[in-house]
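Asks: Mind having a look at this structure? Questions to follow.
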Amino acid sequence: DIVMTQTPLSSPVTLGQPASISCTSSQSLVHSSGDTCLDWLQQRPGQPPRLLIYKISNRFSGVPDRFSGSGAGTDFTLNISRVEAEDVGVYYCMQSTQAPITFGQGTRLEIK
Amino acid sequence: EVQLVESGGGLVQPGGSLRLSCSASGFTFSAYWMHWARQAPGKGLTWVSRITPDGGHTDYADSVKGRFTISRDNARNTLFLQMNSLRVEDTALYFCVRGTIDWPGQDYWGQGTLVTVSS
């Protein structure tokens, strides 16, 4: 199975400041189709996960443009340009390039 | 609006069985892969199982293979997860998740149904 490793595991951030979360996979996430199947999910307290970013850098429907994704191969990053109070929660990277789908451990974003 | 509503969770003793259901609406259910994922209390996300749009092919996580069975009824827009030989470590919030069309990922998640395995 592909192992997904996130850093940091906890990120205290000041409101209005940027935040960044890294995700590294144990092998390349380039799919046979040519796509790289790396997504980012947000889970607010008491809520189910919600898709934020798909295939590295595409924002899902309704996701604010302060969220962006980048990376290639085995190294990926989720950036939040200016953190808002509603961004508090746990963020997961997820790969679906190779079965089984696997997730990172999660990064807890909290406000300082 | 895509909606996924899980039901069937509850308290069960080790070795027991449960059948989870997921009622889907707001999209053409029969066109999509569907998944189950779970989250143990205070822990991260784990993929459990998936099924093709026609129900002809299924995959399972090693931890549930041989004990869980995923199925679907496209006429009723419903996804199922039959869970047998339940273990304490199967205790989790179980989510129904829609697969994506143009890449093998997932997009919409249900609210989840809680399964507790305890004596």
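Chain labels run A, B, ... following the order of the structure tokens; each chain numbers its residues from 1, and ligands are numbered from 1 in the order shown.
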Would you mind writing down, as a ChimeraX atom specification, each residue of segment 69-118 of chain B that DSSP on the backbone assigns to strand (DSSP E)?
Replies: /B:69-73,78-83,92-99,106-109,113-117
Asks: Give me, as a tab-separated table, the closest atom pair and its distance (Å, one decimal) for every residue of chain B within a cut-off of 10 Å of chain A, counting only C-alpha atoms, rows sorted by chain and rising number.
Replies:
residue	atom	partner	partner_atom	distance
B:Ala37	CA	A:Ile101	CA	9.8
B:Gln39	CA	A:Pro48	CA	9.8
B:Lys43	CA	A:Gln105	CA	8.3
B:Gly44	CA	A:Gln105	CA	5.9
B:Leu45	CA	A:Phe103	CA	6.4
B:Thr46	CA	A:Phe103	CA	6.9
B:Trp47	CA	A:Ile101	CA	6.1
B:Val48	CA	A:Pro100	CA	8.7
B:Ser49	CA	A:Pro100	CA	8.7
B:Arg50	CA	A:Pro100	CA	9.5
B:Asp59	CA	A:Pro100	CA	8.3
B:Tyr60	CA	A:Pro100	CA	7.9
B:Ala61	CA	A:Pro100	CA	6.8
B:Asp62	CA	A:Pro100	CA	9.2
B:Leu93	CA	A:Pro48	CA	9.6
B:Phe95	CA	A:Pro48	CA	8.0
B:Val97	CA	A:Pro49	CA	9.8
B:Asp102	CA	A:Asp35	CA	9.7
B:Trp103	CA	A:Cys37	CA	7.0
B:Pro104	CA	A:Ser96	CA	5.7
B:Gly105	CA	A:Ser96	CA	5.3
B:Gln106	CA	A:Leu51	CA	7.9
B:Asp107	CA	A:Leu51	CA	5.7
B:Tyr108	CA	A:Arg50	CA	6.9
B:Trp109	CA	A:Pro49	CA	6.5
B:Gly110	CA	A:Pro48	CA	6.8
B:Gln111	CA	A:Pro48	CA	5.4
B:Gly112	CA	A:Pro48	CA	7.2
Asks: Residues at most 10 Å from Glu84 of chain A, counting only C-alpha atoms, excluding those fewer than 6 positions away in the same chain, as a VMD selection string?
Replies: chain A and resid 13 to 18 66 111
Asks: Set the distance at 7 Å and use only C-alpha atoms: which residues neighbour segment 76-78 of chain A once local chain neighbours fewer than 4 positions away are removed? I'd like the list as a PyMOL selection string.
Replies: chain A and resi 20-24+68-72
Asks: For the selection you just gave me, I'd like the residues written to a file as a tab-separated table (two decimals), in the first residue's frame, keeping N, CA and C atoms.
Replies:
chain	number	residue	atom	x	y	z
A	20	SER	N	0.42	26.24	5.61
A	20	SER	CA	0.89	25.30	4.59
A	20	SER	C	1.00	23.91	5.20
A	21	ILE	N	0.54	22.92	4.48
A	21	ILE	CA	0.60	21.52	4.93
A	21	ILE	C	1.26	20.70	3.83
A	22	SER	N	2.20	19.86	4.21
A	22	SER	CA	2.91	19.02	3.24
A	22	SER	C	2.46	17.58	3.32
A	23	CYS	N	2.54	16.91	2.20
A	23	CYS	CA	2.16	15.50	2.11
A	23	CYS	C	3.15	14.80	1.18
A	24	THR	N	3.71	13.72	1.66
A	24	THR	CA	4.66	12.95	0.87
A	24	THR	C	4.16	11.52	0.73
A	68	SER	N	-5.28	26.45	-2.12
A	68	SER	CA	-4.61	26.04	-3.36
A	68	SER	C	-3.73	24.84	-3.10
A	69	GLY	N	-3.51	24.06	-4.14
A	69	GLY	CA	-2.67	22.88	-4.02
A	69	GLY	C	-1.59	22.88	-5.08
A	70	SER	N	-0.47	22.26	-4.76
A	70	SER	CA	0.64	22.17	-5.71
A	70	SER	C	1.43	20.90	-5.45
A	71	GLY	N	2.37	20.64	-6.34
A	71	GLY	CA	3.24	19.49	-6.16
A	71	GLY	C	3.29	18.61	-7.38
A	72	ALA	N	4.07	17.55	-7.27
A	72	ALA	CA	4.21	16.58	-8.36
A	72	ALA	C	4.90	15.33	-7.82
